[in-house]
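Okay, model.txt is below, compact mmCIF, C-alpha atoms:
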```txt
# COMPACT_ATOMS: atom_id res chain seq x y z
CA MET P 960 -18.81 7.34 -22.92
CA ILE P 961 -19.23 3.57 -23.49
CA LYS P 962 -16.38 2.81 -21.09
CA SER P 963 -17.89 5.15 -18.50
CA LEU P 964 -21.32 3.50 -18.76
CA ARG P 965 -19.70 0.07 -18.45
CA HIS P 966 -17.86 1.21 -15.32
CA ILE P 967 -21.08 2.52 -13.75
CA LYS P 968 -22.86 -0.73 -14.58
CA THR P 969 -20.02 -2.72 -13.01
CA ARG P 970 -20.12 -0.64 -9.84
CA LEU P 971 -23.90 -0.96 -9.56
CA GLY P 972 -23.56 -4.70 -10.02
CA MET P 973 -20.91 -4.91 -7.30
CA ALA P 974 -23.05 -2.88 -4.90
CA LYS P 975 -25.87 -5.37 -5.44
CA LYS P 976 -23.55 -8.34 -4.85
CA VAL P 977 -22.17 -6.85 -1.64
CA SER P 978 -25.73 -6.12 -0.50
CA ASN P 979 -26.64 -9.78 -1.08
CA LEU P 980 -23.56 -11.05 0.77
CA ASN P 981 -24.90 -12.79 3.85
CA PHE P 982 -22.06 -11.76 6.16
CA SER P 983 -22.43 -12.23 9.91
CA SER P 984 -20.36 -9.29 11.16
CA ALA P 985 -17.83 -6.66 10.09
CA GLY P 986 -15.55 -4.17 11.79
CA ILE P 987 -12.00 -3.21 12.75
CA ASP P 988 -10.04 -5.57 15.00
CA ASP P 989 -7.60 -4.72 17.82
CA GLU P 990 -4.68 -4.56 15.36
CA GLY P 991 -6.49 -2.10 13.10
CA PHE P 992 -7.34 -4.65 10.38
CA SER P 993 -10.62 -4.45 8.52
CA TYR P 994 -12.54 -7.71 8.73
CA VAL P 995 -15.73 -9.28 7.44
CA GLU P 996 -17.05 -12.61 8.72
CA TYR P 997 -18.69 -14.75 6.07
CA ASP P 998 -19.30 -18.46 5.44
CA GLY P 999 -17.87 -19.39 8.83
CA LEU P 1000 -14.55 -17.60 8.15
CA ARG P 1001 -13.06 -14.22 8.99
CA PHE P 1002 -11.52 -12.28 6.11
CA HIS P 1003 -9.00 -9.55 6.90
CA GLY P 1004 -8.32 -7.01 4.20
CA GLU P 1005 -7.41 -3.45 3.38
CA LYS P 1006 -9.45 -0.59 4.69
CA SER P 1007 -11.46 1.22 2.04
CA PHE P 1008 -9.99 4.26 0.27
CA ASP P 1009 -11.55 7.71 0.03
CA LYS P 1010 -12.34 7.05 -3.64
CA ASP P 1011 -14.59 4.15 -2.53
CA LYS P 1012 -17.05 6.44 -0.71
CA LYS P 1013 -19.19 7.22 -3.74
CA TYR P 1014 -19.61 3.51 -4.42
CA TYR P 1015 -20.25 2.68 -0.78
CA LYS P 1016 -23.19 5.09 -0.91
CA LEU P 1017 -24.78 2.84 -3.55
CA LEU P 1018 -25.42 0.26 -0.82
CA PRO P 1019 -28.85 0.25 0.83
CA ARG P 1020 -28.90 1.94 4.21
CA TYR P 1021 -29.62 -1.31 6.07
CA VAL P 1022 -26.39 -2.78 4.61
CA ARG P 1023 -24.35 0.32 5.49
CA ASN P 1024 -25.66 0.09 9.05
CA ARG P 1025 -24.02 -3.37 9.33
CA LEU P 1026 -21.00 -2.85 7.08
CA PRO P 1027 -18.72 0.04 8.16
CA PHE P 1028 -17.22 2.01 5.29
CA GLU P 1029 -13.72 0.83 6.26
CA CYS P 1030 -14.82 -2.77 5.52
CA PHE P 1031 -16.39 -2.11 2.12
CA ARG P 1032 -13.27 -3.02 0.14
CA THR P 1033 -12.86 -6.28 2.09
CA ALA P 1034 -16.47 -7.20 1.34
CA GLN P 1035 -15.88 -6.56 -2.38
CA ASP P 1036 -12.81 -8.81 -2.30
CA ILE P 1037 -14.89 -11.59 -0.73
CA VAL P 1038 -17.31 -11.35 -3.66
CA ILE P 1039 -14.57 -11.23 -6.30
CA ARG P 1040 -12.03 -13.67 -4.90
CA TYR P 1041 -13.94 -16.05 -2.60
CA VAL P 1042 -17.51 -16.23 -3.86
CA GLU P 1043 -16.82 -15.87 -7.59
CA GLY P 1044 -13.15 -16.90 -7.71
CA GLY P 1045 -12.57 -15.63 -11.24
CA LEU P 1046 -9.27 -15.39 -13.11
CA LYS P 1047 -10.36 -11.76 -13.32
CA TYR P 1048 -13.51 -10.02 -12.15
CA GLY P 1049 -16.28 -11.09 -14.49
CA GLY P 1050 -14.03 -13.63 -16.22
CA PRO P 1051 -13.98 -17.43 -16.16
CA ARG P 1052 -13.71 -18.96 -12.72
CA LYS P 1053 -10.55 -20.71 -11.63
CA HIS P 1054 -12.45 -23.93 -11.03
CA ASP P 1055 -14.55 -23.95 -14.22
CA PHE P 1056 -12.81 -27.01 -15.67
CA TYR P 1057 -11.64 -28.83 -12.56
CA LYS P 1058 -13.61 -28.94 -9.33
CA VAL P 1059 -11.26 -29.12 -6.36
CA LYS P 1060 -12.29 -31.74 -3.82
CA ALA P 1061 -11.37 -32.94 -0.33
CA GLY P 1062 -7.84 -34.29 -0.11
CA ASP P 1063 -6.54 -32.37 -3.16
CA THR P 1064 -3.35 -30.36 -3.38
CA VAL P 1065 -3.77 -26.85 -4.81
CA ALA P 1066 -1.15 -24.20 -5.63
CA GLU P 1067 -1.97 -20.55 -6.40
CA MET P 1068 0.19 -17.64 -7.55
CA GLY P 1069 -0.27 -14.83 -6.78
CA ALA P 1070 -2.30 -15.57 -3.73
CA PHE P 1071 -2.89 -11.86 -2.94
CA GLN P 1072 -4.38 -11.57 0.58
CA GLY P 1073 -5.54 -15.17 0.76
CA PHE P 1074 -9.26 -14.97 -0.02
CA TYR P 1075 -9.17 -17.76 -2.62
CA ALA P 1076 -6.63 -19.65 -0.47
CA LEU P 1077 -9.22 -19.69 2.33
CA LYS P 1078 -11.77 -21.12 -0.08
CA MET P 1079 -9.33 -23.85 -1.12
CA CYS P 1080 -8.30 -24.62 2.48
CA LYS P 1081 -11.93 -25.13 3.35
CA THR P 1082 -12.50 -27.28 0.25
CA VAL P 1083 -9.46 -29.59 0.49
CA GLY P 1084 -10.03 -30.24 4.19
CA GLU P 1085 -7.65 -31.61 6.79
CA ASN P 1086 -6.14 -34.17 4.41
CA GLY P 1087 -5.56 -31.67 1.61
CA LYS P 1088 -2.88 -29.08 0.98
CA MET P 1089 -2.84 -25.47 -0.19
CA ILE P 1090 0.30 -23.69 -1.41
CA ALA P 1091 -0.16 -19.91 -1.45
CA ILE P 1092 2.60 -18.10 -3.38
CA GLU P 1093 2.75 -14.32 -2.93
CA PRO P 1094 5.81 -12.01 -3.05
CA LEU P 1095 4.45 -8.59 -1.98
CA LYS P 1096 4.83 -7.72 1.71
CA ASP P 1097 1.68 -5.57 1.69
CA ASN P 1098 -0.35 -8.62 0.70
CA LEU P 1099 1.57 -11.14 2.82
CA LYS P 1100 0.57 -9.51 6.11
CA PHE P 1101 -3.10 -10.10 5.28
CA LEU P 1102 -2.48 -13.55 3.80
CA LYS P 1103 -0.65 -14.72 6.92
CA LYS P 1104 -3.28 -13.26 9.26
CA ASN P 1105 -6.13 -14.86 7.30
CA ILE P 1106 -4.54 -18.30 7.35
CA THR P 1107 -3.55 -18.06 11.04
CA TYR P 1108 -6.81 -16.60 12.33
CA ASN P 1109 -8.88 -19.27 10.58
CA LYS P 1110 -6.55 -22.01 11.90
CA PHE P 1111 -5.49 -23.31 8.50
CA GLU P 1112 -1.73 -23.39 9.19
CA ASN P 1113 -1.66 -27.19 9.00
CA ARG P 1114 -3.15 -27.29 5.51
CA CYS P 1115 -1.68 -24.11 3.96
CA THR P 1116 1.96 -23.33 3.19
CA ILE P 1117 2.75 -19.69 2.39
CA VAL P 1118 5.64 -19.08 -0.01
CA PRO P 1119 6.85 -15.44 0.18
CA LYS P 1120 8.44 -15.30 -3.28
CA GLY P 1121 7.73 -14.35 -6.84
CA VAL P 1122 7.75 -16.97 -9.60
CA TRP P 1123 10.20 -16.93 -12.51
CA LYS P 1124 12.12 -19.27 -14.83
CA GLU P 1125 15.17 -19.25 -12.53
CA GLN P 1126 16.10 -18.43 -8.95
CA THR P 1127 17.25 -14.82 -8.59
CA THR P 1128 16.17 -11.35 -7.40
CA LEU P 1129 14.14 -9.14 -9.72
CA THR P 1130 12.53 -5.70 -9.67
CA PHE P 1131 8.74 -5.52 -9.61
CA LYS P 1132 7.06 -2.34 -10.82
CA ARG P 1133 3.90 -1.10 -9.16
CA LYS P 1134 1.83 2.06 -9.04
CA THR P 1135 2.03 3.61 -5.59
CA THR P 1136 -1.78 3.74 -5.64
CA ASP P 1137 -2.08 0.05 -6.57
CA HIS P 1138 -2.20 -1.99 -3.38
CA GLN P 1139 -2.83 -5.27 -5.13
CA SER P 1140 -0.16 -6.31 -7.59
CA GLY P 1141 3.12 -5.61 -9.34
CA SER P 1142 4.78 -6.90 -12.49
CA ILE P 1143 8.27 -7.94 -13.53
CA VAL P 1144 7.78 -7.20 -17.23
CA MET P 1145 5.01 -4.59 -17.46
CA GLU P 1146 5.78 -0.88 -17.20
CA LYS P 1147 2.81 -0.34 -14.96
CA GLY P 1148 4.06 1.86 -12.15
CA ASN P 1149 6.38 4.38 -10.55
CA GLU P 1150 7.44 2.24 -7.59
CA ASP P 1151 10.27 -0.31 -7.86
CA ILE P 1152 10.34 -3.25 -5.42
CA SER P 1153 13.25 -5.72 -5.32
CA LEU P 1154 11.98 -9.22 -4.49
CA PRO P 1155 13.27 -12.81 -4.47
CA VAL P 1156 11.90 -15.05 -7.22
CA ASP P 1157 12.22 -18.79 -7.74
CA THR P 1158 11.15 -21.56 -10.09
CA LEU P 1159 7.98 -23.52 -9.54
CA GLU P 1160 10.14 -26.63 -9.68
CA ASN P 1161 12.10 -25.45 -6.64
CA ILE P 1162 8.98 -24.29 -4.82
CA MET P 1163 7.30 -27.67 -5.27
CA GLN P 1164 10.40 -29.37 -3.86
CA GLU P 1165 10.70 -26.97 -0.92
CA THR P 1166 7.06 -27.49 0.03
CA HIS P 1167 7.44 -31.28 -0.28
CA THR P 1168 4.79 -31.39 -2.99
CA ASN P 1169 4.94 -34.61 -5.00
CA ALA P 1170 1.74 -34.05 -6.99
CA CYS P 1171 -0.61 -31.13 -7.61
CA ASN P 1172 -4.26 -31.54 -8.58
CA MET P 1173 -4.80 -27.89 -9.43
CA MET P 1174 -2.44 -24.97 -10.12
CA VAL P 1175 -3.60 -21.38 -10.62
CA ILE P 1176 -1.19 -18.98 -12.35
CA GLN P 1177 -1.86 -15.21 -12.42
CA LEU P 1178 1.39 -13.31 -12.79
CA ASN P 1179 0.75 -10.12 -14.78
CA GLY P 1180 2.55 -11.15 -17.94
CA VAL P 1181 5.13 -13.72 -16.83
CA GLU P 1182 2.95 -16.83 -16.84
CA ILE P 1183 5.06 -18.32 -19.64
CA ASN P 1184 8.26 -17.66 -17.65
CA ALA P 1185 6.78 -19.49 -14.67
CA LEU P 1186 5.94 -22.52 -16.81
CA LYS P 1187 9.48 -22.55 -18.22
CA GLY P 1188 10.66 -23.06 -14.65
CA LEU P 1189 8.47 -26.15 -14.29
CA ASN P 1190 10.16 -28.79 -16.42
CA SER P 1191 9.85 -32.12 -14.64
CA PHE P 1192 6.77 -31.59 -12.47
CA TYR P 1193 3.42 -31.43 -14.24
CA PRO P 1194 0.27 -30.41 -12.33
CA ASN P 1195 -2.81 -32.43 -13.27
CA ASN P 1196 -4.84 -29.29 -13.98
CA LEU P 1197 -3.98 -25.66 -14.68
CA ALA P 1198 -5.96 -22.41 -14.74
CA ILE P 1199 -3.92 -19.56 -16.25
CA ALA P 1200 -4.74 -15.89 -16.78
CA ALA P 1201 -2.73 -15.09 -19.94
CA ARG P 1202 -4.01 -11.52 -20.14
CA TYR P 1203 -0.80 -9.74 -21.06
CA ASP P 1204 1.71 -10.30 -23.86
CA GLN P 1205 5.43 -9.64 -23.68
CA PRO P 1206 7.10 -7.82 -26.62
CA GLY P 1207 7.09 -10.15 -29.60
CA VAL P 1208 5.39 -12.93 -27.64
CA ASP P 1209 1.72 -13.88 -27.86
CA ALA P 1210 1.10 -15.24 -24.36
CA VAL P 1211 -1.81 -17.50 -25.28
CA ASP P 1212 -0.08 -19.05 -28.29
CA GLU P 1213 3.20 -19.56 -26.42
CA ILE P 1214 1.58 -21.13 -23.36
CA THR P 1215 -0.76 -23.30 -25.41
CA SER P 1216 2.11 -24.66 -27.50
CA LEU P 1217 4.22 -25.43 -24.42
CA LEU P 1218 1.38 -27.24 -22.66
CA VAL P 1219 0.35 -29.27 -25.71
CA ASN P 1220 3.96 -30.41 -26.10
CA ARG P 1221 3.91 -31.54 -22.47
CA GLY P 1222 0.84 -33.70 -22.99
CA TYR P 1223 -1.99 -31.41 -21.90
CA LYS P 1224 -5.43 -30.95 -23.37
CA VAL P 1225 -5.92 -27.19 -23.59
CA ASN P 1226 -9.05 -25.01 -23.65
CA VAL P 1227 -8.92 -21.25 -24.16
CA GLU P 1228 -11.84 -19.25 -22.78
CA GLU P 1229 -12.67 -15.66 -23.76
CA GLU P 1230 -9.41 -15.53 -25.79
CA ARG P 1231 -7.16 -14.97 -22.75
CA PHE P 1232 -7.88 -17.61 -20.11
CA ILE P 1233 -6.25 -21.02 -20.43
CA PHE P 1234 -7.45 -24.21 -18.79
CA ALA P 1235 -5.38 -27.35 -19.21
CA ALA P 1236 -5.67 -30.96 -18.07
CA LEU P 1237 -2.91 -33.55 -18.24
CA LYS P 1238 -3.99 -36.26 -20.68
CA GLU P 1239 -4.66 -39.73 -19.37
CA GLY P 1240 -1.48 -41.80 -19.36
CA GLN P 1241 0.79 -38.78 -18.89
CA SER P 1242 2.79 -38.61 -15.67
CA ASN P 1243 2.75 -35.54 -13.42
CA SER P 1244 6.42 -36.12 -12.70
CA ASN P 1245 8.43 -36.38 -15.89
```

Transcribe the structure of this file into structure tokens.
Amino acid sequence: MIKSLRHIKTRLGMAKKVSNLNFSSAGIDDEGFSYVEYDGLRFHGEKSFDKDKKYYKLLPRYVRNRLPFECFRTAQDIVIRYVEGGLKYGGPRKHDFYKVKAGDTVAEMGAFQGFYALKMCKTVGENGKMIAIEPLKDNLKFLKKNITYNKFENRCTIVPKGVWKEQTTLTFKRKTTDHQSGSIVMEKGNEDISLPVDTLENIMQETHTNACNMMVIQLNGVEINALKGLNSFYPNNLAIAARYDQPGVDAVDEITSLLVNRGYKVNVEEERFIFAALKEGQSNSN
């Protein structure tokens, strides 16, 4: 009952946020993509599912007249990933401890469909750099379209790989009804997807990245494995969603210990979200 009430409250809150989203237009483009235009950008995303209809009906009629049902899910993703930019919905924001500025270099994994990448591209400007790492083909088609349509190709590099402690090919598990994410270590689905994975060290070299002001790591349980593949390159700031433990491994404790040993000051928010800053005098290339 408590969980059900919390879910209803969350959905009501989301309906209010979408209603307050000052979007300029929404619809379906010539390629069949859902889109919503907001903050001078166009966001392409998944069309809404049948299960979304009961929540769409929570919107005021004047909002539904401007926002087709097919675009409702895209509008929600703008709220969650662009406007709020949390390490999870309702959780700490990725930029709570370090405010990205013009000229910065930012790396994010997984980049999903590129909503936060668009925010970072706009923030870092023409002299900045965004590295968007995303392995799932379903997400990559939206990510690529969002970056291309908004003319951010010169400041965003898309890396179509997963992240791991070594270069190899691994099997991701995903629920067939989950169109957002998969996991290497979590038994969270009935669909197996074989994907290339690589180390962050290699990815930084391939993208000609000599320094990184901000790195966001959200990898459904393998955040520690990603950090183990980053041995001589230290980002200045990290935002990590350590929400899932591996068997016998406390993710927060393991990640915190590794980062402290590398010379980071670490803050843990809401028990599962790690923010770290390289201490003054430490080099980001060790």

If you take all atoms listed in the file and a cut-off of 10 Å, which residues of range 1149-1196 of chain P touch range 1051-1068 of chain P, and what are their nearest atom pairs and distances in Å to one decimal, in chain and number order, as a Markdown table?
```
| residue | atom | partner | partner_atom | distance |
| --- | --- | --- | --- | --- |
| P:Leu1159 | CA | P:Ala1066 | CA | 10.0 |
| P:Met1163 | CA | P:Ala1066 | CA | 9.1 |
| P:Thr1168 | CA | P:Thr1064 | CA | 8.2 |
| P:Asn1169 | CA | P:Thr1064 | CA | 9.5 |
| P:Ala1170 | CA | P:Thr1064 | CA | 7.2 |
| P:Cys1171 | CA | P:Thr1064 | CA | 5.1 |
| P:Asn1172 | CA | P:Thr1064 | CA | 5.4 |
| P:Met1173 | CA | P:Val1065 | CA | 4.8 |
| P:Met1174 | CA | P:Ala1066 | CA | 4.7 |
| P:Val1175 | CA | P:Glu1067 | CA | 4.6 |
| P:Ile1176 | CA | P:Met1068 | CA | 5.2 |
| P:Gln1177 | CA | P:Met1068 | CA | 5.8 |
| P:Leu1178 | CA | P:Met1068 | CA | 6.9 |
| P:Glu1182 | CA | P:Met1068 | CA | 9.7 |
| P:Ala1185 | CA | P:Met1068 | CA | 9.9 |
| P:Pro1194 | CA | P:Ala1066 | CA | 9.2 |
| P:Asn1195 | CA | P:Tyr1057 | CA | 9.6 |
| P:Asn1196 | CA | P:Tyr1057 | CA | 7.0 |
```

Problem set entry | Between CA of Ile1183 in chain P and CA of Asn1161 in chain P - distance in Å to one decimal |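 These atoms are spaced 16.4 Å apart.
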
For this session: Quote the spacing between CA of Lys1124 in chain P and CA of Asp1097 in chain P in Å to one decimal place.
Result: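 If I compute the distance from CA of Lys1124 in chain P to CA of Asp1097 in chain P, I get 23.9 Å.
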
For this session: Go ahead and find all residues with at least one atom no further than 12 Å from (-7.0, -20.4, -1.3) in the file's coordinates, using all atoms listed in the file; report them as a ChimeraX atom specification.
Result: /P:1002,1037,1040-1042,1044,1053-1054,1059,1064-1084,1087-1093,1102-1103,1105-1106,1111,1114-1117,1173-1175

For this session: Would you please work out which residue, of P:Ala1034, P:Val1208, P:Leu1197, P:Val977, is nearest to Val1225 in chain P when using all atoms listed in the file?
Result: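 Of the candidates, the smallest distance to Val1225 in chain P is held by P:Leu1197.
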
Exercise. Within 10 Å of Lys1187 in chain P, counting only C-alpha atoms, which residues qualify if same-chain residues fewer than 6 places away don't, as a list in words?
Worked result: Trp1123, Lys1124, Glu1125, Thr1158, Leu1159, Glu1160, Val1181, Ile1214 and Leu1217 of chain P

For this session: Please measure the separation of CA of Ile1152 in chain P and CA of Lys1120 in chain P, giving the value in Å to one decimal.
Result: 12.4 Å

Around range 1053-1071 of chain P, with edges along x, y and z and 4 Å added on all six sides, what centre and edge lengths do you get, in Å to one decimal, as lines of an AutoDock Vina configuration file?
```
center_x = -7.2
center_y = -23.1
center_z = -7.9
size_x = 22.7
size_y = 30.4
size_z = 23.6
```

Problem set entry | Closest of P:Asn1109, P:Val1022, P:Asp1151, P:Leu1189 to Val1122 in chain P - atom-to-atom distances counting all atoms listed in the file |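 Result for the nearest residue to Val1122 in chain P: P:Leu1189.
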
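Candidate residues P:Ser984, P:Asn1190, P:Gln1035, P:Ser993 were compared for distance to Phe1101 in chain P, and the nearest is P:Ser993, using only C-alpha atoms.
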
Exercise. Between P:Ser1191, P:Met973, P:Leu1018, P:Asp1009, which one has atoms that come closest to Val1038 in chain P, using only C-alpha atoms?
Worked result: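 Nearest candidate to Val1038 in chain P out of P:Ser1191, P:Met973, P:Leu1018, P:Asp1009: P:Met973.
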
Problem set entry | All residues 9 Å or closer to Phe1232 in chain P, all atoms listed in the file, same chain fewer than 3 positions away omitted, as a list in words |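 So the residues in contact are Leu1046, Gly1050, Pro1051, Ala1198, Ile1199, Ala1200, Ala1201, Arg1202, Val1211, Asn1226, Val1227, Glu1228 and Glu1229 of chain P.
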
Keeping only C-alpha atoms, write the selected residues as a PDB file, in the coordinates of the input.
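Below you can see out.pdb, which holds the result:
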```pdb
ATOM      1  CA  LEU P1046      -9.270 -15.390 -13.110  1.00  0.00           C
ATOM      2  CA  GLY P1050     -14.030 -13.630 -16.220  1.00  0.00           C
ATOM      3  CA  PRO P1051     -13.980 -17.430 -16.160  1.00  0.00           C
ATOM      4  CA  ALA P1198      -5.960 -22.410 -14.740  1.00  0.00           C
ATOM      5  CA  ILE P1199      -3.920 -19.560 -16.250  1.00  0.00           C
ATOM      6  CA  ALA P1200      -4.740 -15.890 -16.780  1.00  0.00           C
ATOM      7  CA  ALA P1201      -2.730 -15.090 -19.940  1.00  0.00           C
ATOM      8  CA  ARG P1202      -4.010 -11.520 -20.140  1.00  0.00           C
ATOM      9  CA  VAL P1211      -1.810 -17.500 -25.280  1.00  0.00           C
ATOM     10  CA  ASN P1226      -9.050 -25.010 -23.650  1.00  0.00           C
ATOM     11  CA  VAL P1227      -8.920 -21.250 -24.160  1.00  0.00           C
ATOM     12  CA  GLU P1228     -11.840 -19.250 -22.780  1.00  0.00           C
ATOM     13  CA  GLU P1229     -12.670 -15.660 -23.760  1.00  0.00           C
TER      14      GLU P1229
END
```

Exercise. For Pro1094 in chain P, which of P:Arg965, P:Asn1113, P:Asp1157, P:Lys1047 is the closest residue, counting all atoms listed in the file?
Worked result: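 Among P:Arg965, P:Asn1113, P:Asp1157, P:Lys1047, it is P:Asp1157 that comes nearest to Pro1094 in chain P.
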
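The shortest atom-to-atom distance to Leu1186 in chain P, with all atoms listed in the file taken into account, belongs to P:Ser1216 out of P:Ser1007, P:Thr1130, P:Ser1216, P:Thr1166.
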
Problem set entry | All residues 10 Å or closer to Lys1016 in chain P, only C-alpha atoms, same chain fewer than 4 positions away omitted, as a PyMOL selection string | chain P and resi 974+1011-1012+1020+1023+1028

For this session: Up to 12 Å from (-12.5, -9.1, 10.9) in the file's coordinates: name the residues, counting only C-alpha atoms, as an MDAnalysis selection string.
Result: chainID P and resid 982:997 999:1006 1026:1027 1029:1031 1033:1034 1101 1104:1105 1108:1109

Fill-in result for range 1194-1202 of chain P, all heavy atoms as a PDB file, in the coordinates of the input:
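Everything below was put into selection.pdb:
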```pdb
ATOM      1  N   PRO P1194       1.552 -30.382 -13.030  1.00  0.00           N
ATOM      2  CA  PRO P1194       0.270 -30.410 -12.330  1.00  0.00           C
ATOM      3  C   PRO P1194      -0.789 -31.113 -13.175  1.00  0.00           C
ATOM      4  O   PRO P1194      -0.746 -31.064 -14.404  1.00  0.00           O
ATOM      5  CB  PRO P1194      -0.079 -28.933 -12.150  1.00  0.00           C
ATOM      6  CG  PRO P1194       1.222 -28.208 -12.325  1.00  0.00           C
ATOM      7  CD  PRO P1194       2.010 -29.019 -13.297  1.00  0.00           C
ATOM      8  N   ASN P1195      -1.751 -31.742 -12.523  1.00  0.00           N
ATOM      9  CA  ASN P1195      -2.810 -32.430 -13.270  1.00  0.00           C
ATOM     10  C   ASN P1195      -3.709 -31.446 -14.013  1.00  0.00           C
ATOM     11  O   ASN P1195      -4.171 -31.729 -15.120  1.00  0.00           O
ATOM     12  CB  ASN P1195      -3.651 -33.280 -12.326  1.00  0.00           C
ATOM     13  CG  ASN P1195      -2.881 -34.448 -11.749  1.00  0.00           C
ATOM     14  OD1 ASN P1195      -2.283 -34.325 -10.682  1.00  0.00           O
ATOM     15  ND2 ASN P1195      -2.856 -35.559 -12.441  1.00  0.00           N
ATOM     16  N   ASN P1196      -3.953 -30.289 -13.393  1.00  0.00           N
ATOM     17  CA  ASN P1196      -4.840 -29.290 -13.980  1.00  0.00           C
ATOM     18  C   ASN P1196      -4.273 -27.897 -13.752  1.00  0.00           C
ATOM     19  O   ASN P1196      -3.667 -27.626 -12.705  1.00  0.00           O
ATOM     20  CB  ASN P1196      -6.242 -29.369 -13.364  1.00  0.00           C
ATOM     21  CG  ASN P1196      -6.895 -30.715 -13.594  1.00  0.00           C
ATOM     22  OD1 ASN P1196      -7.475 -30.961 -14.643  1.00  0.00           O
ATOM     23  ND2 ASN P1196      -6.786 -31.600 -12.607  1.00  0.00           N
ATOM     24  N   LEU P1197      -4.480 -27.022 -14.743  1.00  0.00           N
ATOM     25  CA  LEU P1197      -3.980 -25.660 -14.680  1.00  0.00           C
ATOM     26  C   LEU P1197      -5.082 -24.670 -15.059  1.00  0.00           C
ATOM     27  O   LEU P1197      -5.877 -24.932 -15.970  1.00  0.00           O
ATOM     28  CB  LEU P1197      -2.814 -25.472 -15.639  1.00  0.00           C
ATOM     29  CG  LEU P1197      -1.494 -26.148 -15.274  1.00  0.00           C
ATOM     30  CD1 LEU P1197      -0.752 -26.560 -16.529  1.00  0.00           C
ATOM     31  CD2 LEU P1197      -0.629 -25.218 -14.442  1.00  0.00           C
ATOM     32  N   ALA P1198      -5.118 -23.541 -14.353  1.00  0.00           N
ATOM     33  CA  ALA P1198      -5.960 -22.410 -14.740  1.00  0.00           C
ATOM     34  C   ALA P1198      -5.043 -21.198 -14.816  1.00  0.00           C
ATOM     35  O   ALA P1198      -4.408 -20.834 -13.820  1.00  0.00           O
ATOM     36  CB  ALA P1198      -7.062 -22.175 -13.704  1.00  0.00           C
ATOM     37  N   ILE P1199      -4.933 -20.591 -16.003  1.00  0.00           N
ATOM     38  CA  ILE P1199      -3.920 -19.560 -16.250  1.00  0.00           C
ATOM     39  C   ILE P1199      -4.572 -18.308 -16.832  1.00  0.00           C
ATOM     40  O   ILE P1199      -5.311 -18.386 -17.814  1.00  0.00           O
ATOM     41  CB  ILE P1199      -2.848 -20.078 -17.225  1.00  0.00           C
ATOM     42  CG1 ILE P1199      -2.215 -21.372 -16.694  1.00  0.00           C
ATOM     43  CG2 ILE P1199      -1.777 -19.025 -17.470  1.00  0.00           C
ATOM     44  CD1 ILE P1199      -1.311 -22.071 -17.693  1.00  0.00           C
ATOM     45  N   ALA P1200      -4.270 -17.167 -16.240  1.00  0.00           N
ATOM     46  CA  ALA P1200      -4.740 -15.890 -16.780  1.00  0.00           C
ATOM     47  C   ALA P1200      -3.642 -15.321 -17.682  1.00  0.00           C
ATOM     48  O   ALA P1200      -2.702 -14.692 -17.204  1.00  0.00           O
ATOM     49  CB  ALA P1200      -5.054 -14.918 -15.649  1.00  0.00           C
ATOM     50  N   ALA P1201      -3.747 -15.560 -18.979  1.00  0.00           N
ATOM     51  CA  ALA P1201      -2.730 -15.090 -19.940  1.00  0.00           C
ATOM     52  C   ALA P1201      -3.191 -13.772 -20.552  1.00  0.00           C
ATOM     53  O   ALA P1201      -3.329 -13.633 -21.773  1.00  0.00           O
ATOM     54  CB  ALA P1201      -2.516 -16.145 -21.019  1.00  0.00           C
ATOM     55  N   ARG P1202      -3.384 -12.770 -19.710  1.00  0.00           N
ATOM     56  CA  ARG P1202      -4.010 -11.520 -20.140  1.00  0.00           C
ATOM     57  C   ARG P1202      -3.053 -10.554 -20.802  1.00  0.00           C
ATOM     58  O   ARG P1202      -3.481  -9.635 -21.494  1.00  0.00           O
ATOM     59  CB  ARG P1202      -4.677 -10.850 -18.938  1.00  0.00           C
ATOM     60  CG  ARG P1202      -5.817 -11.666 -18.325  1.00  0.00           C
ATOM     61  CD  ARG P1202      -6.269 -11.066 -17.005  1.00  0.00           C
ATOM     62  NE  ARG P1202      -6.743  -9.706 -17.158  1.00  0.00           N
ATOM     63  CZ  ARG P1202      -6.920  -8.859 -16.150  1.00  0.00           C
ATOM     64  NH1 ARG P1202      -6.613  -9.228 -14.911  1.00  0.00           N
ATOM     65  NH2 ARG P1202      -7.360  -7.648 -16.359  1.00  0.00           N
TER      66      ARG P1202
END
```
